[in-house]
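work-v8.pdb, holding PDB, C-alpha atoms, pLDDT in the B column:
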ATOM      1  CA  MET P 112     -12.065 -35.208 -33.543  1.00 88.00           C
ATOM      2  CA  ARG P 113      -8.331 -35.264 -34.184  1.00 94.00           C
ATOM      3  CA  ARG P 114      -6.595 -35.590 -37.530  1.00 97.00           C
ATOM      4  CA  GLU P 115      -2.931 -36.107 -38.302  1.00 97.00           C
ATOM      5  CA  LYS P 116      -0.926 -36.158 -41.510  1.00 98.00           C
ATOM      6  CA  SER P 117       2.735 -36.251 -42.587  1.00 97.00           C
ATOM      7  CA  PHE P 118       4.125 -33.851 -45.148  1.00 96.00           C
ATOM      8  CA  THR P 119       7.388 -33.829 -47.074  1.00 94.00           C
ATOM      9  CA  LYS P 120       9.645 -31.124 -45.655  1.00 92.00           C
ATOM     10  CA  ASN P 121       9.463 -28.839 -48.649  1.00 93.00           C
ATOM     11  CA  LEU P 122       7.637 -25.596 -49.420  1.00 94.00           C
ATOM     12  CA  SER P 123       5.927 -27.368 -52.320  1.00 94.00           C
ATOM     13  CA  SER P 124       3.927 -29.266 -49.659  1.00 96.00           C
ATOM     14  CA  LEU P 125       2.083 -26.081 -48.707  1.00 97.00           C
ATOM     15  CA  ASP P 126      -0.863 -26.730 -51.028  1.00 96.00           C
ATOM     16  CA  GLU P 127      -1.404 -30.114 -49.381  1.00 97.00           C
ATOM     17  CA  VAL P 128      -1.032 -28.550 -45.934  1.00 98.00           C
ATOM     18  CA  PHE P 129      -3.685 -25.939 -46.730  1.00 98.00           C
ATOM     19  CA  ALA P 130      -5.996 -28.628 -48.123  1.00 97.00           C
ATOM     20  CA  PHE P 131      -5.585 -30.756 -44.981  1.00 98.00           C
ATOM     21  CA  ILE P 132      -6.335 -27.799 -42.678  1.00 98.00           C
ATOM     22  CA  SER P 133      -9.278 -26.607 -44.799  1.00 97.00           C
ATOM     23  CA  THR P 134     -10.898 -30.029 -44.875  1.00 97.00           C
ATOM     24  CA  TYR P 135     -10.652 -30.354 -41.105  1.00 97.00           C
ATOM     25  CA  LEU P 136     -11.972 -26.859 -40.432  1.00 96.00           C
ATOM     26  CA  GLN P 137     -14.881 -27.407 -42.797  1.00 96.00           C
ATOM     27  CA  HIS P 138     -15.902 -30.565 -40.901  1.00 95.00           C
ATOM     28  CA  ALA P 139     -15.498 -28.677 -37.626  1.00 94.00           C
ATOM     29  CA  ASN P 140     -17.692 -25.820 -38.920  1.00 93.00           C
ATOM     30  CA  VAL P 141     -14.913 -23.265 -38.614  1.00 94.00           C
ATOM     31  CA  THR P 142     -15.343 -20.674 -41.354  1.00 92.00           C
ATOM     32  CA  ASP P 143     -12.473 -18.272 -40.715  1.00 92.00           C
ATOM     33  CA  VAL P 144      -9.706 -20.267 -42.388  1.00 95.00           C
ATOM     34  CA  PHE P 145      -7.297 -17.412 -43.237  1.00 97.00           C
ATOM     35  CA  PRO P 146      -5.654 -16.903 -39.805  1.00 96.00           C
ATOM     36  CA  ILE P 147      -5.201 -20.656 -39.312  1.00 97.00           C
ATOM     37  CA  HIS P 148      -3.630 -21.107 -42.741  1.00 98.00           C
ATOM     38  CA  LEU P 149      -1.318 -18.196 -42.062  1.00 98.00           C
ATOM     39  CA  ALA P 150      -0.178 -19.413 -38.638  1.00 97.00           C
ATOM     40  CA  VAL P 151       0.440 -22.950 -39.901  1.00 97.00           C
ATOM     41  CA  GLU P 152       2.236 -21.758 -43.047  1.00 97.00           C
ATOM     42  CA  GLU P 153       4.612 -19.488 -41.145  1.00 95.00           C
ATOM     43  CA  ILE P 154       5.643 -22.240 -38.713  1.00 94.00           C
ATOM     44  CA  PHE P 155       5.851 -24.878 -41.453  1.00 94.00           C
ATOM     45  CA  ALA P 156       7.980 -22.569 -43.643  1.00 93.00           C
ATOM     46  CA  ASN P 157      10.317 -21.862 -40.707  1.00 89.00           C
ATOM     47  CA  MET P 158      10.728 -25.590 -40.087  1.00 89.00           C
ATOM     48  CA  VAL P 159      11.611 -26.094 -43.748  1.00 89.00           C
ATOM     49  CA  ARG P 160      14.070 -23.175 -43.836  1.00 85.00           C
ATOM     50  CA  TYR P 161      15.896 -23.891 -40.580  1.00 80.00           C
ATOM     51  CA  ASN P 162      16.203 -27.644 -40.908  1.00 74.00           C
ATOM     52  CA  SER P 163      16.460 -28.207 -44.625  1.00 70.00           C
ATOM     53  CA  GLN P 164      19.516 -30.457 -44.305  1.00 73.00           C
ATOM     54  CA  ASN P 165      17.509 -33.505 -43.303  1.00 74.00           C
ATOM     55  CA  PHE P 166      14.637 -35.097 -45.127  1.00 78.00           C
ATOM     56  CA  SER P 167      12.357 -36.067 -42.280  1.00 84.00           C
ATOM     57  CA  ASP P 168       8.667 -35.349 -42.586  1.00 91.00           C
ATOM     58  CA  ILE P 169       6.753 -32.660 -40.776  1.00 94.00           C
ATOM     59  CA  VAL P 170       3.735 -34.122 -39.023  1.00 96.00           C
ATOM     60  CA  ILE P 171       0.748 -31.865 -38.455  1.00 98.00           C
ATOM     61  CA  SER P 172      -2.094 -32.756 -36.136  1.00 98.00           C
ATOM     62  CA  ILE P 173      -5.192 -30.685 -35.554  1.00 98.00           C
ATOM     63  CA  GLU P 174      -7.898 -31.007 -32.955  1.00 97.00           C
ATOM     64  CA  LYS P 175     -10.880 -28.925 -31.974  1.00 96.00           C
ATOM     65  CA  SER P 176     -12.113 -29.443 -28.469  1.00 95.00           C
ATOM     66  CA  GLY P 177     -14.963 -27.228 -27.362  1.00 93.00           C
ATOM     67  CA  LYS P 178     -13.986 -23.773 -28.517  1.00 94.00           C
ATOM     68  CA  THR P 179     -10.268 -24.472 -28.548  1.00 96.00           C
ATOM     69  CA  LEU P 180      -8.338 -25.366 -31.644  1.00 97.00           C
ATOM     70  CA  ARG P 181      -4.921 -26.994 -31.088  1.00 98.00           C
ATOM     71  CA  ILE P 182      -2.453 -27.591 -33.872  1.00 98.00           C
ATOM     72  CA  HIS P 183       0.845 -29.456 -33.453  1.00 97.00           C
ATOM     73  CA  LEU P 184       3.595 -29.207 -36.026  1.00 96.00           C
ATOM     74  CA  SER P 185       6.379 -31.679 -35.416  1.00 94.00           C
ATOM     75  CA  ASP P 186       9.653 -31.919 -37.283  1.00 91.00           C
ATOM     76  CA  GLU P 187      10.598 -35.521 -36.644  1.00 83.00           C
ATOM     77  CA  GLN P 188      14.357 -35.135 -36.915  1.00 76.00           C
ATOM     78  CA  ALA P 189      15.529 -31.645 -36.178  1.00 76.00           C
ATOM     79  CA  GLU P 190      18.132 -29.620 -34.385  1.00 80.00           C
ATOM     80  CA  PRO P 191      16.607 -27.545 -31.589  1.00 83.00           C
ATOM     81  CA  PHE P 192      15.332 -24.269 -32.958  1.00 79.00           C
ATOM     82  CA  ASP P 193      12.836 -22.384 -30.863  1.00 81.00           C
ATOM     83  CA  VAL P 194      10.790 -20.391 -33.342  1.00 74.00           C
ATOM     84  CA  THR P 195       8.986 -18.651 -30.499  1.00 77.00           C
ATOM     85  CA  LYS P 196      12.256 -16.925 -29.556  1.00 77.00           C
ATOM     86  CA  VAL P 197      12.698 -15.172 -32.902  1.00 71.00           C
ATOM     87  CA  LYS P 198      12.775 -11.448 -32.219  1.00 68.00           C
ATOM     88  CA  SER P 199       9.774  -9.470 -33.340  1.00 65.00           C
ATOM     89  CA  PRO P 200      10.538  -6.932 -36.028  1.00 64.00           C
ATOM     90  CA  GLU P 201      10.738  -3.235 -35.272  1.00 65.00           C
ATOM     91  CA  LEU P 202       7.796  -1.767 -37.122  1.00 63.00           C
ATOM     92  CA  ASN P 203       8.410   1.889 -36.423  1.00 64.00           C
ATOM     93  CA  VAL P 204      11.810   2.299 -38.020  1.00 63.00           C
ATOM     94  CA  PRO P 205      12.436   3.970 -41.382  1.00 61.00           C
ATOM     95  CA  LEU P 206      12.310   1.780 -44.459  1.00 60.00           C
ATOM     96  CA  PRO P 207      16.053   1.176 -45.071  1.00 56.00           C
ATOM     97  CA  GLN P 208      16.489  -0.173 -41.532  1.00 58.00           C
ATOM     98  CA  ARG P 209      13.564  -2.560 -41.730  1.00 60.00           C
ATOM     99  CA  LYS P 210      14.315  -6.229 -41.767  1.00 58.00           C
ATOM    100  CA  VAL P 211      12.160  -8.955 -43.277  1.00 57.00           C
ATOM    101  CA  GLY P 212      13.094 -11.598 -40.676  1.00 62.00           C
ATOM    102  CA  GLY P 213      10.689 -12.183 -37.833  1.00 78.00           C
ATOM    103  CA  LEU P 214       7.667 -10.838 -39.696  1.00 85.00           C
ATOM    104  CA  GLY P 215       6.103 -14.283 -39.982  1.00 90.00           C
ATOM    105  CA  LEU P 216       6.283 -15.094 -36.299  1.00 89.00           C
ATOM    106  CA  HIS P 217       5.005 -11.646 -35.426  1.00 89.00           C
ATOM    107  CA  LEU P 218       1.913 -12.406 -37.546  1.00 93.00           C
ATOM    108  CA  VAL P 219       1.465 -15.855 -35.995  1.00 94.00           C
ATOM    109  CA  LYS P 220       1.344 -14.289 -32.545  1.00 92.00           C
ATOM    110  CA  GLN P 221      -1.392 -11.906 -33.713  1.00 94.00           C
ATOM    111  CA  PHE P 222      -3.506 -14.630 -35.313  1.00 96.00           C
ATOM    112  CA  VAL P 223      -3.428 -17.341 -32.638  1.00 96.00           C
ATOM    113  CA  ASP P 224      -3.645 -17.101 -28.854  1.00 96.00           C
ATOM    114  CA  GLN P 225      -0.584 -19.094 -27.863  1.00 95.00           C
ATOM    115  CA  VAL P 226       2.561 -20.462 -29.455  1.00 94.00           C
ATOM    116  CA  TYR P 227       4.592 -23.080 -27.541  1.00 93.00           C
ATOM    117  CA  TYR P 228       7.833 -24.817 -28.409  1.00 94.00           C
ATOM    118  CA  GLU P 229       8.982 -28.239 -27.203  1.00 93.00           C
ATOM    119  CA  TYR P 230      12.064 -30.287 -28.059  1.00 92.00           C
ATOM    120  CA  GLU P 231      12.182 -33.955 -27.239  1.00 90.00           C
ATOM    121  CA  ASN P 232      14.001 -36.933 -28.766  1.00 88.00           C
ATOM    122  CA  HIS P 233      15.060 -34.893 -31.801  1.00 85.00           C
ATOM    123  CA  HIS P 234      11.474 -33.840 -32.366  1.00 89.00           C
ATOM    124  CA  SER P 235      11.029 -30.104 -32.720  1.00 90.00           C
ATOM    125  CA  ILE P 236       7.404 -29.358 -31.882  1.00 94.00           C
ATOM    126  CA  VAL P 237       5.418 -26.162 -32.153  1.00 95.00           C
ATOM    127  CA  ILE P 238       1.951 -26.043 -30.633  1.00 97.00           C
ATOM    128  CA  LEU P 239      -0.543 -23.381 -31.629  1.00 97.00           C
ATOM    129  CA  THR P 240      -3.778 -22.804 -29.750  1.00 97.00           C
ATOM    130  CA  LYS P 241      -6.635 -20.547 -30.695  1.00 97.00           C
ATOM    131  CA  THR P 242      -9.958 -19.933 -29.027  1.00 95.00           C
ATOM    132  CA  LEU P 243     -12.609 -19.880 -31.722  1.00 93.00           C
ATOM    133  CA  GLU P 244     -15.412 -17.356 -31.711  1.00 81.00           C
ATOM    134  CA  THR P 245     -18.029 -19.662 -33.239  1.00 60.00           C
TER     135      THR P 245
ATOM    136  CA  MET F  36      -4.856 -26.577 -55.494  1.00 63.00           C
ATOM    137  CA  ASN F  37      -5.068 -22.957 -54.442  1.00 74.00           C
ATOM    138  CA  GLY F  38      -2.601 -21.700 -57.061  1.00 90.00           C
ATOM    139  CA  PHE F  39      -1.269 -18.257 -57.786  1.00 97.00           C
ATOM    140  CA  GLU F  40      -1.125 -16.092 -60.899  1.00 97.00           C
ATOM    141  CA  VAL F  41       0.274 -12.703 -61.834  1.00 98.00           C
ATOM    142  CA  VAL F  42      -1.054 -10.856 -64.870  1.00 98.00           C
ATOM    143  CA  ARG F  43       0.529  -7.615 -66.047  1.00 98.00           C
ATOM    144  CA  LYS F  44      -1.033  -4.713 -67.931  1.00 98.00           C
ATOM    145  CA  ASP F  45       0.835  -1.578 -69.008  1.00 98.00           C
ATOM    146  CA  LEU F  46      -0.803   1.803 -69.520  1.00 96.00           C
ATOM    147  CA  GLU F  47       1.688   4.412 -70.690  1.00 95.00           C
ATOM    148  CA  ASP F  48       4.424   4.484 -68.027  1.00 96.00           C
ATOM    149  CA  VAL F  49       2.389   2.720 -65.323  1.00 97.00           C
ATOM    150  CA  SER F  50       2.383  -1.087 -65.029  1.00 98.00           C
ATOM    151  CA  THR F  51      -0.312  -2.915 -63.091  1.00 98.00           C
ATOM    152  CA  LEU F  52       0.203  -6.382 -61.653  1.00 98.00           C
ATOM    153  CA  PHE F  53      -3.007  -8.306 -60.926  1.00 98.00           C
ATOM    154  CA  LEU F  54      -2.493 -10.967 -58.268  1.00 98.00           C
ATOM    155  CA  LYS F  55      -4.784 -13.975 -58.031  1.00 98.00           C
ATOM    156  CA  GLY F  56      -5.062 -16.816 -55.518  1.00 97.00           C
ATOM    157  CA  TYR F  57      -2.581 -17.692 -52.762  1.00 97.00           C
ATOM    158  CA  LEU F  58       0.639 -15.677 -52.371  1.00 98.00           C
ATOM    159  CA  ASP F  59       2.657 -17.817 -49.966  1.00 97.00           C
ATOM    160  CA  ALA F  60       6.140 -19.164 -49.210  1.00 96.00           C
ATOM    161  CA  HIS F  61       5.910 -21.480 -52.209  1.00 96.00           C
ATOM    162  CA  THR F  62       4.390 -19.138 -54.812  1.00 97.00           C
ATOM    163  CA  TYR F  63       6.111 -15.819 -54.012  1.00 96.00           C
ATOM    164  CA  PRO F  64       9.001 -16.349 -56.504  1.00 96.00           C
ATOM    165  CA  GLN F  65       6.493 -15.880 -59.352  1.00 97.00           C
ATOM    166  CA  PHE F  66       5.584 -12.445 -58.008  1.00 98.00           C
ATOM    167  CA  GLU F  67       9.251 -11.637 -57.425  1.00 97.00           C
ATOM    168  CA  SER F  68      10.038 -12.507 -61.059  1.00 98.00           C
ATOM    169  CA  ALA F  69       7.254 -10.245 -62.322  1.00 98.00           C
ATOM    170  CA  LEU F  70       8.641  -7.322 -60.306  1.00 98.00           C
ATOM    171  CA  GLN F  71      12.220  -8.100 -61.327  1.00 98.00           C
ATOM    172  CA  LYS F  72      11.142  -8.014 -64.974  1.00 98.00           C
ATOM    173  CA  LEU F  73       9.716  -4.525 -64.418  1.00 98.00           C
ATOM    174  CA  MET F  74      13.026  -3.442 -62.836  1.00 98.00           C
ATOM    175  CA  ASP F  75      14.932  -4.875 -65.814  1.00 98.00           C
ATOM    176  CA  GLU F  76      12.687  -2.899 -68.169  1.00 98.00           C
ATOM    177  CA  ARG F  77      13.151   0.201 -65.977  1.00 98.00           C
ATOM    178  CA  ARG F  78       9.435   0.545 -65.355  1.00 98.00           C
ATOM    179  CA  PHE F  79       9.203   1.924 -61.833  1.00 98.00           C
ATOM    180  CA  LYS F  80       5.599   3.160 -61.627  1.00 98.00           C
ATOM    181  CA  ILE F  81       3.806   0.090 -60.397  1.00 98.00           C
ATOM    182  CA  ILE F  82       0.292  -0.658 -59.185  1.00 98.00           C
ATOM    183  CA  VAL F  83      -0.478  -3.973 -57.522  1.00 98.00           C
ATOM    184  CA  ASN F  84      -4.144  -4.930 -57.722  1.00 98.00           C
ATOM    185  CA  PHE F  85      -5.197  -7.365 -54.982  1.00 98.00           C
ATOM    186  CA  SER F  86      -8.860  -7.779 -55.942  1.00 98.00           C
ATOM    187  CA  ASP F  87      -8.472 -11.506 -56.750  1.00 98.00           C
ATOM    188  CA  LEU F  88      -5.872 -12.311 -54.099  1.00 98.00           C
ATOM    189  CA  SER F  89      -7.455 -14.430 -51.399  1.00 96.00           C
ATOM    190  CA  TYR F  90      -4.396 -15.022 -49.192  1.00 98.00           C
ATOM    191  CA  ILE F  91      -1.000 -13.563 -48.344  1.00 98.00           C
ATOM    192  CA  SER F  92       1.645 -14.502 -45.752  1.00 96.00           C
ATOM    193  CA  SER F  93       4.938 -12.926 -44.681  1.00 94.00           C
ATOM    194  CA  ALA F  94       6.767 -14.398 -47.689  1.00 94.00           C
ATOM    195  CA  GLY F  95       4.538 -12.342 -49.988  1.00 95.00           C
ATOM    196  CA  LEU F  96       5.020  -9.174 -47.966  1.00 93.00           C
ATOM    197  CA  GLY F  97       8.769  -9.687 -48.012  1.00 92.00           C
ATOM    198  CA  VAL F  98       8.721  -9.279 -51.797  1.00 94.00           C
ATOM    199  CA  PHE F  99       7.427  -5.715 -51.446  1.00 92.00           C
ATOM    200  CA  MET F 100      10.213  -4.891 -49.010  1.00 90.00           C
ATOM    201  CA  GLY F 101      12.771  -6.237 -51.469  1.00 90.00           C
ATOM    202  CA  PHE F 102      11.897  -3.816 -54.273  1.00 95.00           C
ATOM    203  CA  ILE F 103      10.543  -0.625 -52.765  1.00 94.00           C
ATOM    204  CA  GLU F 104      13.893   1.097 -52.263  1.00 93.00           C
ATOM    205  CA  THR F 105      15.069   0.513 -55.842  1.00 95.00           C
ATOM    206  CA  VAL F 106      11.709   1.672 -57.154  1.00 97.00           C
ATOM    207  CA  ARG F 107      11.770   4.919 -55.165  1.00 96.00           C
ATOM    208  CA  GLU F 108      15.409   5.630 -55.973  1.00 96.00           C
ATOM    209  CA  ASN F 109      14.265   5.661 -59.593  1.00 97.00           C
ATOM    210  CA  ALA F 110      11.445   8.157 -59.035  1.00 95.00           C
ATOM    211  CA  GLY F 111       8.801   5.440 -59.018  1.00 97.00           C
ATOM    212  CA  ASP F 112       6.525   3.879 -56.439  1.00 97.00           C
ATOM    213  CA  ILE F 113       4.469   0.767 -55.732  1.00 97.00           C
ATOM    214  CA  LYS F 114       0.815   1.610 -55.044  1.00 98.00           C
ATOM    215  CA  LEU F 115      -1.387  -1.105 -53.586  1.00 98.00           C
ATOM    216  CA  CYS F 116      -5.123  -1.322 -54.245  1.00 98.00           C
ATOM    217  CA  ALA F 117      -8.338  -3.323 -53.883  1.00 98.00           C
ATOM    218  CA  MET F 118      -7.345  -5.461 -50.888  1.00 98.00           C
ATOM    219  CA  SER F 119      -9.892  -7.596 -49.086  1.00 97.00           C
ATOM    220  CA  PRO F 120     -10.177  -6.780 -45.354  1.00 97.00           C
ATOM    221  CA  LYS F 121      -8.323 -10.008 -44.446  1.00 97.00           C
ATOM    222  CA  VAL F 122      -5.393  -9.258 -46.720  1.00 98.00           C
ATOM    223  CA  PHE F 123      -5.315  -5.647 -45.521  1.00 98.00           C
ATOM    224  CA  LYS F 124      -5.142  -6.850 -41.915  1.00 97.00           C
ATOM    225  CA  VAL F 125      -1.838  -8.635 -42.630  1.00 96.00           C
ATOM    226  CA  PHE F 126      -0.353  -5.469 -44.172  1.00 96.00           C
ATOM    227  CA  ASP F 127      -1.709  -3.399 -41.310  1.00 95.00           C
ATOM    228  CA  LEU F 128      -0.279  -5.666 -38.579  1.00 93.00           C
ATOM    229  CA  LEU F 129       3.168  -5.255 -40.108  1.00 90.00           C
ATOM    230  CA  GLY F 130       2.926  -1.485 -40.332  1.00 89.00           C
ATOM    231  CA  PHE F 131       2.786  -1.261 -44.123  1.00 92.00           C
ATOM    232  CA  PRO F 132       0.201   1.551 -44.345  1.00 93.00           C
ATOM    233  CA  THR F 133       2.848   4.001 -43.109  1.00 91.00           C
ATOM    234  CA  ILE F 134       5.223   3.057 -45.922  1.00 91.00           C
ATOM    235  CA  TYR F 135       2.892   2.363 -48.853  1.00 94.00           C
ATOM    236  CA  ASP F 136      -0.108   4.042 -50.394  1.00 96.00           C
ATOM    237  CA  ILE F 137      -2.942   1.552 -50.022  1.00 97.00           C
ATOM    238  CA  VAL F 138      -6.076   2.719 -51.835  1.00 97.00           C
ATOM    239  CA  ASN F 139      -9.513   1.321 -52.612  1.00 97.00           C
ATOM    240  CA  ASP F 140      -9.269   0.856 -56.356  1.00 97.00           C
ATOM    241  CA  GLU F 141      -7.071   1.120 -59.398  1.00 97.00           C
ATOM    242  CA  THR F 142      -8.437   4.503 -60.459  1.00 96.00           C
ATOM    243  CA  GLN F 143      -7.306   5.999 -57.156  1.00 96.00           C
ATOM    244  CA  ALA F 144      -3.926   4.326 -57.547  1.00 97.00           C
ATOM    245  CA  HIS F 145      -3.458   5.901 -60.998  1.00 96.00           C
ATOM    246  CA  GLN F 146      -4.587   9.211 -59.506  1.00 95.00           C
ATOM    247  CA  LYS F 147      -1.802   8.970 -56.906  1.00 94.00           C
ATOM    248  CA  PHE F 148       0.762   8.802 -59.714  1.00 94.00           C
ATOM    249  CA  THR F 149      -0.871  11.714 -61.539  1.00 91.00           C
ATOM    250  CA  ASP F 150      -0.940  13.837 -58.369  1.00 87.00           C
ATOM    251  CA  GLY F 151       2.573  12.813 -57.474  1.00 78.00           C
ATOM    252  CA  SER F 152       1.409  12.387 -53.882  1.00 67.00           C
ATOM    253  CA  ARG F 153       2.775   9.752 -51.565  1.00 69.00           C
ATOM    254  CA  THR F 154       1.978   8.621 -48.056  1.00 61.00           C
ATOM    255  CA  ASN F 155       5.587   8.627 -46.935  1.00 55.00           C
TER     256      ASN F 155
END
Please, can you express the file's structure as structure tokens?
Amino acid sequence: MRREKSFTKNLSSLDEVFAFISTYLQHANVTDVFPIHLAVEEIFANMVRYNSQNFSDIVISIEKSGKTLRIHLSDEQAEPFDVTKVKSPELNVPLPQRKVGGLGLHLVKQFVDQVYYEYENHHSIVILTKTLET
Amino acid sequence: MNGFEVVRKDLEDVSTLFLKGYLDAHTYPQFESALQKLMDERRFKIIVNFSDLSYISSAGLGVFMGFIETVRENAGDIKLCAMSPKVFKVFDLLGFPTIYDIVNDETQAHQKFTDGSRTN
């Protein structure tokens, strides 16, 4: 079962994004929604922040096959920006030297198994895969 | 709609912010405003109660980073309490327990201010 939906490239779409993901996961009998919401939000928010100058949609597709969950987030008209290359934050430095940037991607990498980036025909695509325990 | 709410309660010089719902990249400005209001009122002893918060992402955690230095420079602190295990995991993965006092409930958080003790 695969589902796909387009969302306006704006942070106010997040509620709809969460609803779309939750509905799918419920049908797929996946109960641990939190890590999936977090991974999708962080990538979606990055796509909004780094390509806010155009008004293309972000298309999200989700598919569970066996124990593997695959989620594609595609910005349909974007400059290349490889979110997977954002540097992880240094977590062992004193407070004043800490930086907020990169925290989101660091979390994504903890909550899903793999994060891929592809750029083709002005489409910036991030693919998340996670092996489910259930 | 997941929604997000912040409710504030003051007890003497300590202010508690109760967070409810989803603290994400869209809702975090509400939390930021609540903390900014406390800064404007020069109330620097702050407890954040997470008991009704079901979700947090990096945008929410960034808010804490934005205020902690000002708060501590003014002899205050932000104590965090009553997190669900899932919310705690996010804080833990980003190394927050070494910077913030994270305790089980509000009574312990108040106690931390009374004792004057701090994790870091």
Apply the PyMOL selection byres ((chain P) within 7 of (chain F)) to the displayed file and report the matching residues as a PDB file with C-alpha atoms, in the frame of the given file.
ATOM      1  CA  LEU P 122       7.637 -25.596 -49.420  1.00 94.00           C
ATOM      2  CA  SER P 123       5.927 -27.368 -52.320  1.00 94.00           C
ATOM      3  CA  LEU P 125       2.083 -26.081 -48.707  1.00 97.00           C
ATOM      4  CA  ASP P 126      -0.863 -26.730 -51.028  1.00 96.00           C
ATOM      5  CA  LEU P 149      -1.318 -18.196 -42.062  1.00 98.00           C
ATOM      6  CA  ALA P 156       7.980 -22.569 -43.643  1.00 93.00           C
ATOM      7  CA  LEU P 202       7.796  -1.767 -37.122  1.00 63.00           C
ATOM      8  CA  VAL P 211      12.160  -8.955 -43.277  1.00 57.00           C
ATOM      9  CA  LEU P 214       7.667 -10.838 -39.696  1.00 85.00           C
ATOM     10  CA  GLY P 215       6.103 -14.283 -39.982  1.00 90.00           C
TER      11      GLY P 215
END
What residues come out when you apply the PyMOL selection byres ((chain P and resi 235) around 9) to this file, written as number ranges by chain? P: 158, 184-193, 228-234, 236-237
Output file for the residues above (C-alpha atoms, as a compact mmCIF listing (two decimals), in the coordinates of the input):
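File produced: again.txt:
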# COMPACT_ATOMS: atom_id res chain seq x y z
CA MET P 158 10.73 -25.59 -40.09
CA LEU P 184 3.60 -29.21 -36.03
CA SER P 185 6.38 -31.68 -35.42
CA ASP P 186 9.65 -31.92 -37.28
CA GLU P 187 10.60 -35.52 -36.64
CA GLN P 188 14.36 -35.14 -36.92
CA ALA P 189 15.53 -31.64 -36.18
CA GLU P 190 18.13 -29.62 -34.38
CA PRO P 191 16.61 -27.54 -31.59
CA PHE P 192 15.33 -24.27 -32.96
CA ASP P 193 12.84 -22.38 -30.86
CA TYR P 228 7.83 -24.82 -28.41
CA GLU P 229 8.98 -28.24 -27.20
CA TYR P 230 12.06 -30.29 -28.06
CA GLU P 231 12.18 -33.96 -27.24
CA ASN P 232 14.00 -36.93 -28.77
CA HIS P 233 15.06 -34.89 -31.80
CA HIS P 234 11.47 -33.84 -32.37
CA ILE P 236 7.40 -29.36 -31.88
CA VAL P 237 5.42 -26.16 -32.15
Take the point (12.4, 5.0, -56.8) in the file's coordinates, draw a sphere of radius 12 Å around it, and report as a list in words every protein, DNA or RNA residue with an atom inside or on it, counting all atoms listed in the file. Met74, Arg77, Arg78, Phe79, Lys80, Ile81, Phe102, Ile103, Glu104, Thr105, Val106, Arg107, Glu108, Asn109, Ala110, Gly111, Asp112, Ile113 and Arg153 of chain F
As a check of understanding: the span from atom CA of Ile137 of chain F to atom CA of Met118 of chain F is 8.3 Å
Coordinates-based distance that separates atom CA of Ser117 of chain P from atom CA of Ile171 of chain P (Å, one decimal): 6.3 Å
Do a neighbour search on Lys220 of chain P at 10 Å with only C-alpha atoms, toss out local chain neighbours closer than 3 positions, and write the hits as an MDAnalysis selection string. chainID P and resid 150 195 199 215:217 223:226 239
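From atom CA of Ser119 of chain F back to atom CA of Val159 of chain P, the distance works out to 28.9 Å.
When the PyMOL selection byres ((chain P and resi 151) around 9) is run on the displayed coordinates, the residues it returns are Val128, Phe129, Ile132, Pro146, Ile147, His148, Leu149, Ala150, Glu152, Glu153, Ile154, Phe155, Ala156, Ile182, Leu184, Val219 and Leu239 of chain P.
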Place a sphere of radius 9 Å on (-1.9, -32.4, -34.5) in the file coordinates and name every protein, DNA or RNA residue with an atom inside or on its surface, counting all atoms listed in the file; give the answer as a PyMOL selection string. chain P and resi 113-116+170-174+181-185+238
Edge lengths and centre in Å to one decimal, as AutoDock Vina command-line options, is what I'm after for the box along x, y and z that holds all listed atoms of segment 177-192 of chain P once 8 Å is added on each side.
--center_x 1.6 --center_y -29.6 --center_z -32.3 --size_x 49.1 --size_y 27.7 --size_z 25.9
Between F:Glu47, F:Tyr63, F:Pro120, F:Asp127, smallest distance to Ser86 of chain F by only C-alpha atoms belongs to F:Pro120
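Nearest residue to Lys178 of chain P among P:Met112, P:Val141, P:Leu243, P:Leu218 is P:Leu243, counting all atoms listed in the file.
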